[in-house]
file query.cif (mmCIF, C-alpha atoms and all ligand atoms)
data_protein
#
loop_
_atom_site.group_PDB
_atom_site.id
_atom_site.type_symbol
_atom_site.label_atom_id
_atom_site.label_comp_id
_atom_site.auth_asym_id
_atom_site.auth_seq_id
_atom_site.Cartn_x
_atom_site.Cartn_y
_atom_site.Cartn_z
ATOM 1 C CA MET U 32 11.222 1.020 17.329
ATOM 2 C CA ALA U 33 8.494 -1.547 17.386
ATOM 3 C CA ILE U 34 6.814 -4.018 15.111
ATOM 4 C CA LEU U 35 3.137 -3.134 15.081
ATOM 5 C CA GLU U 36 0.238 -5.544 14.998
ATOM 6 C CA ILE U 37 -1.365 -5.949 11.568
ATOM 7 C CA LEU U 38 -5.151 -5.978 11.273
ATOM 8 C CA THR U 39 -6.286 -8.782 9.013
ATOM 9 C CA TYR U 40 -9.360 -9.385 6.872
ATOM 10 C CA PRO U 41 -12.248 -9.484 7.745
ATOM 11 C CA ASP U 42 -11.531 -6.919 10.493
ATOM 12 C CA GLU U 43 -14.130 -4.186 9.951
ATOM 13 C CA ARG U 44 -11.625 -1.470 10.849
ATOM 14 C CA LEU U 45 -9.868 -2.070 7.508
ATOM 15 C CA LYS U 46 -12.945 -0.478 5.870
ATOM 16 C CA GLN U 47 -12.522 2.777 7.751
ATOM 17 C CA LEU U 48 -11.748 5.973 5.816
ATOM 18 C CA ALA U 49 -8.429 7.445 6.959
ATOM 19 C CA GLU U 50 -8.083 11.117 7.927
ATOM 20 C CA PRO U 51 -5.502 13.517 6.448
ATOM 21 C CA VAL U 52 -2.354 14.223 8.449
ATOM 22 C CA THR U 53 -2.192 17.831 9.659
ATOM 23 C CA VAL U 54 0.728 17.723 12.111
ATOM 24 C CA PHE U 55 4.244 16.808 10.977
ATOM 25 C CA ASP U 56 6.018 16.289 14.279
ATOM 26 C CA GLN U 57 8.395 13.929 16.072
ATOM 27 C CA ALA U 58 5.522 11.595 16.904
ATOM 28 C CA LEU U 59 4.861 11.212 13.175
ATOM 29 C CA HIS U 60 8.544 10.463 12.510
ATOM 30 C CA SER U 61 8.523 7.902 15.276
ATOM 31 C CA PHE U 62 5.373 6.256 13.893
ATOM 32 C CA LEU U 63 6.952 6.147 10.404
ATOM 33 C CA ARG U 64 9.964 4.288 11.799
ATOM 34 C CA ASP U 65 7.689 1.709 13.430
ATOM 35 C CA LEU U 66 5.634 1.417 10.256
ATOM 36 C CA GLU U 67 8.758 0.833 8.168
ATOM 37 C CA GLU U 68 10.043 -1.779 10.596
ATOM 38 C CA THR U 69 6.664 -3.518 10.455
ATOM 39 C CA MET U 70 6.688 -3.476 6.645
ATOM 40 C CA ARG U 71 10.202 -4.913 6.499
ATOM 41 C CA ALA U 72 9.337 -7.634 8.997
ATOM 42 C CA GLY U 73 6.459 -8.854 6.840
ATOM 43 C CA PRO U 74 7.024 -11.478 4.176
ATOM 44 C CA GLY U 75 7.085 -9.846 0.750
ATOM 45 C CA GLY U 76 6.268 -6.472 2.244
ATOM 46 C CA VAL U 77 6.710 -3.842 -0.483
ATOM 47 C CA GLY U 78 4.116 -1.549 1.036
ATOM 48 C CA ILE U 79 2.094 -0.801 4.117
ATOM 49 C CA ALA U 80 -0.594 1.705 5.045
ATOM 50 C CA ALA U 81 -1.296 3.152 8.484
ATOM 51 C CA PRO U 82 -4.860 1.762 8.730
ATOM 52 C CA GLN U 83 -3.368 -1.741 8.563
ATOM 53 C CA VAL U 84 -1.859 -1.115 11.991
ATOM 54 C CA GLY U 85 -4.977 0.563 13.337
ATOM 55 C CA ARG U 86 -3.938 4.174 12.776
ATOM 56 C CA PHE U 87 -6.555 5.826 10.602
ATOM 57 C CA GLN U 88 -4.478 8.519 8.986
ATOM 58 C CA ARG U 89 -3.485 8.963 5.341
ATOM 59 C CA ILE U 90 0.030 7.544 5.673
ATOM 60 C CA ALA U 91 1.634 4.798 3.601
ATOM 61 C CA LEU U 92 5.071 3.461 2.696
ATOM 62 C CA VAL U 93 6.141 1.740 -0.496
ATOM 63 C CA ASP U 94 9.551 0.289 -1.273
ATOM 64 C CA CYS U 95 9.810 -1.705 -4.469
ATOM 65 C CA SER U 96 13.606 -1.830 -4.404
ATOM 66 C CA VAL U 97 13.385 -4.962 -2.273
ATOM 67 C CA THR U 98 11.529 -7.048 -4.839
ATOM 68 C CA ARG U 99 13.350 -9.385 -7.177
ATOM 69 C CA LYS U 100 11.223 -8.208 -10.080
ATOM 70 C CA PRO U 101 13.203 -5.984 -12.474
ATOM 71 C CA VAL U 102 11.247 -2.774 -12.092
ATOM 72 C CA PRO U 103 11.906 0.946 -12.176
ATOM 73 C CA ASN U 104 11.291 2.378 -8.711
ATOM 74 C CA HIS U 105 12.030 5.264 -6.370
ATOM 75 C CA GLY U 106 13.264 3.182 -3.419
ATOM 76 C CA LEU U 107 11.500 3.960 -0.158
ATOM 77 C CA LEU U 108 8.584 6.346 -0.660
ATOM 78 C CA VAL U 109 7.013 8.011 2.356
ATOM 79 C CA LEU U 110 3.496 8.938 1.323
ATOM 80 C CA ILE U 111 1.524 11.315 3.492
ATOM 81 C CA ASN U 112 -1.855 12.522 2.237
ATOM 82 C CA PRO U 113 -1.108 10.966 -1.183
ATOM 83 C CA GLU U 114 -3.292 11.903 -4.146
ATOM 84 C CA ILE U 115 -3.190 10.166 -7.491
ATOM 85 C CA SER U 116 -3.847 12.775 -10.171
ATOM 86 C CA GLU U 117 -3.334 10.853 -13.419
ATOM 87 C CA TRP U 118 -3.917 7.279 -14.470
ATOM 88 C CA GLU U 119 -2.775 5.782 -17.771
ATOM 89 C CA GLY U 120 -3.116 2.315 -19.270
ATOM 90 C CA MET U 121 -4.547 -0.770 -17.636
ATOM 91 C CA THR U 122 -2.902 -4.005 -16.681
ATOM 92 C CA VAL U 123 -3.763 -7.126 -14.713
ATOM 93 C CA GLY U 124 -1.311 -8.248 -12.053
ATOM 94 C CA ARG U 125 -1.057 -10.437 -8.966
ATOM 95 C CA GLU U 126 -1.272 -8.730 -5.569
ATOM 96 C CA GLY U 127 -0.848 -9.765 -1.988
ATOM 97 C CA CYS U 128 -1.405 -7.884 1.226
ATOM 98 C CA MET U 129 -0.198 -8.218 4.805
ATOM 99 C CA SER U 130 -3.836 -7.896 5.864
ATOM 100 C CA VAL U 131 -4.866 -10.820 3.636
ATOM 101 C CA PRO U 132 -2.062 -13.235 4.472
ATOM 102 C CA ASP U 133 -3.493 -16.410 2.992
ATOM 103 C CA TYR U 134 -4.427 -15.227 -0.504
ATOM 104 C CA THR U 135 -3.222 -13.416 -3.586
ATOM 105 C CA GLY U 136 -5.419 -12.018 -6.315
ATOM 106 C CA ASN U 137 -5.415 -10.721 -9.878
ATOM 107 C CA VAL U 138 -6.300 -7.041 -9.927
ATOM 108 C CA ILE U 139 -6.657 -4.505 -12.749
ATOM 109 C CA ARG U 140 -4.651 -1.319 -12.145
ATOM 110 C CA ALA U 141 -3.378 1.645 -14.110
ATOM 111 C CA GLU U 142 0.044 1.017 -15.669
ATOM 112 C CA ARG U 143 1.354 4.507 -15.038
ATOM 113 C CA ILE U 144 0.295 7.082 -12.483
ATOM 114 C CA ARG U 145 1.218 10.553 -11.336
ATOM 115 C CA LEU U 146 1.009 11.017 -7.586
ATOM 116 C CA GLN U 147 1.470 13.897 -5.171
ATOM 117 C CA ALA U 148 2.330 13.264 -1.545
ATOM 118 C CA PHE U 149 3.917 14.994 1.426
ATOM 119 C CA ASP U 150 7.029 13.594 3.075
ATOM 120 C CA ALA U 151 7.668 13.218 6.815
ATOM 121 C CA ASP U 152 8.615 16.915 7.068
ATOM 122 C CA GLY U 153 5.515 18.196 5.310
ATOM 123 C CA VAL U 154 7.211 18.909 1.970
ATOM 124 C CA GLN U 155 5.125 18.048 -1.083
ATOM 125 C CA HIS U 156 6.589 15.907 -3.866
ATOM 126 C CA GLU U 157 5.331 14.639 -7.181
ATOM 127 C CA TYR U 158 6.161 11.188 -8.501
ATOM 128 C CA GLN U 159 5.621 9.485 -11.815
ATOM 129 C CA CYS U 160 5.495 5.752 -11.382
ATOM 130 C CA GLU U 161 4.909 2.762 -13.565
ATOM 131 C CA GLY U 162 4.537 -0.981 -13.498
ATOM 132 C CA PHE U 163 4.888 -2.801 -10.206
ATOM 133 C CA GLU U 164 5.581 0.381 -8.242
ATOM 134 C CA ALA U 165 2.486 2.084 -9.678
ATOM 135 C CA ARG U 166 0.502 -1.001 -8.694
ATOM 136 C CA ALA U 167 1.872 -0.960 -5.141
ATOM 137 C CA LEU U 168 1.023 2.729 -4.778
ATOM 138 C CA GLN U 169 -2.538 2.224 -5.978
ATOM 139 C CA HIS U 170 -2.897 -0.717 -3.581
ATOM 140 C CA GLU U 171 -1.681 1.349 -0.593
ATOM 141 C CA CYS U 172 -3.849 4.360 -1.511
ATOM 142 C CA ASP U 173 -6.834 2.001 -1.531
ATOM 143 C CA HIS U 174 -6.108 1.094 2.118
ATOM 144 C CA LEU U 175 -6.535 4.783 3.014
ATOM 145 C CA ASP U 176 -10.031 4.641 1.544
ATOM 146 C CA GLY U 177 -10.942 1.446 3.350
ATOM 147 C CA MET U 178 -10.481 -0.830 0.342
ATOM 148 C CA LEU U 179 -8.615 -4.114 -0.006
ATOM 149 C CA PHE U 180 -7.512 -5.815 -3.224
ATOM 150 C CA LEU U 181 -10.321 -8.294 -2.508
ATOM 151 C CA ASP U 182 -12.782 -5.488 -3.270
ATOM 152 C CA ARG U 183 -11.292 -5.067 -6.752
ATOM 153 C CA LEU U 184 -11.375 -8.681 -7.934
ATOM 154 C CA VAL U 185 -13.530 -9.135 -11.007
ATOM 155 C CA SER U 186 -14.346 -12.673 -9.875
ATOM 156 C CA ARG U 187 -13.489 -14.349 -6.572
ATOM 157 C CA ARG U 188 -13.768 -17.725 -8.255
ATOM 158 C CA ASN U 189 -11.251 -16.968 -11.010
ATOM 159 C CA ASP U 190 -9.035 -14.263 -9.570
ATOM 160 C CA LEU U 191 -8.382 -15.333 -5.972
ATOM 161 C CA PHE U 192 -5.588 -17.783 -5.144
ATOM 162 C CA ARG U 193 -4.646 -19.481 -1.896
ATOM 163 C CA ARG U 194 -1.051 -18.767 -1.006
ATOM 164 C CA LYS U 195 1.324 -21.659 -0.454
ATOM 165 C CA VAL U 196 4.622 -19.907 0.152
ATOM 166 C CA TYR U 197 5.550 -16.301 0.544
ATOM 167 C CA GLN U 198 7.627 -14.717 -2.194
ATOM 168 C CA LYS U 199 9.192 -11.317 -2.417
HETATM 169 NI NI NI J 201 -2.257 -4.218 1.427
#
call {"tool": "encode", "arguments": {"input": "query.cif", "output": "structure tokens", "more": "lines below"}}
Ligand code: NI
result
Amino acid sequence: MAILEILTYPDERLKQLAEPVTVFDQALHSFLRDLEETMRAGPGGVGIAAPQVGRFQRIALVDCSVTRKPVPNHGLLVLINPEISEWEGMTVGREGCMSVPDYTGNVIRAERIRLQAFDADGVQHEYQCEGFEARALQHECDHLDGMLFLDRLVSRRNDLFRRKVYQK
């Protein structure tokens, strides 16, 4: 296992479109273990996407069970080639990102989503998620399309905040 290096804004590689995974092999499992270790090592890390560690494939992890916020969640979700198929409601919430370590921002997201994704063995699953978990999933899916939460701020002046301390 290894903790991988995180690319940080304004690294241009974070804008790269990630490619779908086509091979579900031991190398993928091994990468997923490293990715999870990297996520857990980060302060407040409830999610991570492969492009953040310089691997431009459609792979992300989300685990909202570690946050202190009282939220419904699925525990650790391994998301390979995830596709959001339904969006419902809109809500503003504060987001952070391991690739934007010094700031948080207010971002508008869907309140509830339906999402399909493959697991590490290539089996497809469907998830219905809401609240903070739905937000985290939308944030990680954005990374696969080369987008950061910074790209979704309505106003940098009003919606961007310098971080003082890390919180889970
Ligand atoms: Ni992020």
call {"tool": "closest_residue", "arguments": {"input": "query.cif", "among": "U:Leu35, U:Ala151, U:Val93, U:Ile144", "to": "Val54 (chain U)", "atoms": "all atoms listed in the file"}}
result
U:Ala151
call {"tool": "residues_near_ligand", "arguments": {"input": "query.cif", "ligand": "ligand NI 201 (chain J)", "cutoff": "10 Å", "atoms": "all atoms listed in the file", "output": "JSON, numbers by chain"}}
result
{"U": [39, 45, 76, 77, 78, 79, 80, 82, 83, 126, 127, 128, 129, 130, 131, 132, 167, 168, 169, 170, 171, 172, 173, 174, 178, 179, 180, 181]}
call {"tool": "atom_distance", "arguments": {"input": "query.cif", "atom1": "CA of Asp182 (chain U)", "atom2": "CA of Ser116 (chain U)"}}
result
21.5 Å
call {"tool": "resolve_selection", "arguments": {"input": "query.cif", "expression": "the PyMOL selection byres (((chain U and resi 57-69) around 12) and not hetatm)", "output": "VMD selection string"}}
result
chain U and resid 32 to 37 52 to 56 70 to 86 88 to 94 107 to 111 129 150 to 153
call {"tool": "atom_distance", "arguments": {"input": "query.cif", "atom1": "CA of Glu157 (chain U)", "atom2": "CA of Lys46 (chain U)"}}
result
27.1 Å
call {"tool": "atom_distance", "arguments": {"input": "query.cif", "atom1": "CA of Asn112 (chain U)", "atom2": "CA of Glu164 (chain U)"}}
result
17.7 Å
call {"tool": "closest_residue", "arguments": {"input": "query.cif", "among": "U:Arg166, U:Leu175, U:Glu114, U:Tyr134", "to": "Leu146 (chain U)", "atoms": "all atoms listed in the file"}}
result
U:Glu114
call {"tool": "resolve_selection", "arguments": {"input": "query.cif", "expression": "the PyMOL selection byres (((chain U and resi 102) around 12) and not hetatm)", "output": "list in words"}}
result
Asp94, Cys95, Ser96, Val97, Thr98, Arg99, Lys100, Pro101, Pro103, Asn104, His105, Gly106, Cys160, Glu161, Gly162, Phe163, Glu164, Ala165, Arg166 and Ala167 of chain U
call {"tool": "residues_around", "arguments": {"input": "query.cif", "residues": "Ile139 (chain U)", "least_positions_apart": "4", "cutoff": "10 Å", "atoms": "only C-alpha atoms", "output": "list of chain:residue names"}}
result
U:Met121, U:Thr122, U:Val123, U:Gly124, U:Arg125, U:Glu126, U:Arg166, U:Phe180, U:Arg183, U:Leu184, U:Val185
call {"tool": "residues_near_point", "arguments": {"input": "query.cif", "point": "(-6.4, -13.8, -4.8)", "cutoff": "7 Å", "atoms": "only C-alpha atoms", "output": "count of residues only"}}
result
8
call {"tool": "axis_aligned_box", "arguments": {"input": "query.cif", "around": "region 77-94 of chain U", "padding_each_side": "4 Å", "output": "JSON"}}
result
{"center_x": 1.5, "center_y": 2.6, "center_z": 6.0, "size_x": 24.1, "size_y": 20.8, "size_z": 22.6}
call {"tool": "closest_residue", "arguments": {"input": "query.cif", "among": "U:Pro113, U:Asp176, U:Phe149, U:Arg143", "to": "Ala49 (chain U)", "atoms": "all atoms listed in the file"}}
result
U:Asp176
call {"tool": "closest_residue", "arguments": {"input": "query.cif", "among": "U:Gln159, U:Glu142, U:Asp133, U:Ala148", "to": "Tyr40 (chain U)", "atoms": "all atoms listed in the file"}}
result
U:Asp133
